[in-house]
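In what follows, a structure is listed as structure tokens, so that the remarks can point back to it.
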Amino acid sequence: MNTGILETRTKLENRRLDDQAYANWVDWKWQIAHRIRDISTIEKILNIRFDDDERKRIQETIDIFPMSITPYYLSLVDPEDYRNDPIFKQAFPDRRELHVTKHDMTDPLAEDKNSPAPGITHRYPDRVLFCVSNVCAMYCRHCTRKRRVGDVDCVPDQDQLERGLDYIRKTPVIRDVLLSGGDPFLLSDKKIKWLLDELNKIEHIEVIRIGTRTPVVLSYRITAELVELLKSSEKPIWINTHFNHPQEMTSSAKRALKMLASAGIPLGNQSVLLADVNDCPRIMKRLVHKLVINRVRPYYLYQCDLSEGLEHFRTSVGKGIEIMESLRGHTSGFCVPTYVIDAPGGGGKIPVAPNYLISWSTNKVILRNYEGVITTYQEPDCYRHNACDLKCDTCNLHLKLDEAEEKSVVGISRLLADYDNTITLTPAEDEMIDPVSPKNKFDHPDESNV
Ligand SMILES: *Cc1c(COP(=O)(O)O)cnc(C)c1O
């Protein structure tokens, strides 16, 4: 069946597809069933030929990191110039994936380590990542969870999902659940409905987020039934998708986005900065423009993680800053994503940006804008701030007390607070502070006060 794909694609382009073939093509289950997983089929479809040596190396790569490409996504590749094609590079194995550098890590974000229940990563105070599917329509070559790709043993079963939900139920600080995977939209409608129903029943959950690449690699997954189901969730659903290149914004992708946006679902996009794919200010500007035209707000631009086999995709951080510099001010503010580095070891996402604050005195701030104009902002002479004692009911700024539940403050906010005497935050095991007994950890920042 796979060999019919090129034909289908050609006919699709020339609008010569008969009704049945068209019905197949736009059926997401047909697309899944006909995913391309071997080299010969790619050769046939793109009408290309790898030499024996290259074919052997590609096969070695596939044996470690499997390949899976939807016919739809492969149909976006330009066979005339496939080696430089941004779609091909994201989908087709490269033997450089087998090159492991000494900085590579199998689980750079410590997602497995920070996991209190199956599939759950609880790193931030008020929200969790919940991997509910281990399956993806297309295996992105730059996947940060490459260690688990195609790992059939890991597909979460009902019991594991229940245990994840149980953790969320009994952890009232969680107000935001981010469903990820794999791709949650590769679950059946029935399973998605069940998960959403269960989450809707949990009182402390305020927002449900879904991370999915289906609008990019399997846009036909966004069916009227799926949209209806999402729409019926009582709690707000926010969707983040993953476009990396303007060429991915096809008419069927646009259709999928329009259906989701028209159902009132806010859409965001998380791109990964990839060498030789989108590490170019002009490509990125084109991408963010195409996103907002389709009602998708660029959310994050990720520096490529330190996962194994991704070195050839990594750029310098400087390239990311250069791209951010080319966006801010040069185009609409809501086109500009936040550029983040997900800290190795599980430190979470850290925003990185060009510096706009050049200097500061007691009453003046020196700034520069995107054009390089250097300017001053005169601070008020008479500003008296309200010292905060966390007693919101007697404060002249009106915050209703029931909304001011947050009692303890962590991180830099703690150093800035009036009501807290902490003067330093000391990383646990800081040998500079206590070189004699490095085991003497400061688990609580208060202790560093003494
Ligand atoms: C990215 C991520 C989140 C969500 O982060 P936001 O900045 O709120 O989008 C939550 N938990 C984990 C473990 C994450 O990696």
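Labeling convention for the structure tokens: chains A, B, ... as they appear, residues from 1 per chain, ligands from 1 in order of appearance.
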
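The environment of A:Val132 within 10 Å, counting only C-alpha atoms and disregarding residues fewer than 6 places along the same chain, consists of A:Pro118, A:Gly119, A:Ile120, A:Val155, A:Pro156, A:Asp157, A:Gln158, A:Gln160, A:Leu161, A:Gly164, A:Leu178, A:Leu179, A:Ser180, A:Gly181, A:Gly182, A:Asp183, A:Pro184, A:Phe185, A:Leu186, A:Leu187, A:Lys191, A:Ile192, A:Leu195.
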
Which of stretch 4-190 of chain A DSSP labels alpha helix (DSSP H), written as number ranges by chain: A: 4-13, 19-25, 28-33, 39-46, 52-64, 71-74, 86-91, 158-169, 189-190

To one decimal place in Å, what is the distance between atom CA of A:Val173 and atom CA of A:Asp305? 28.3 Å

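Proximity of A:Arg127, A:His242, A:Arg209, A:Lys170 to ligand 1, computed with only C-alpha atoms and all ligand atoms, is greatest for A:Arg127.
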
For the structure I just gave you, how does DSSP split stretch 226-433 of chain A - specifically, which residues are strand (DSSP E)? Reply as number ranges by chain. A: 237-241, 267-273, 296-303, 338-343, 348-351, 357-360, 364-368, 374-378

Spatial neighbours of A:Glu379, 9 Å, only C-alpha atoms, chain gap at least 6 places, as a VMD selection string: chain A and resid 362 to 365
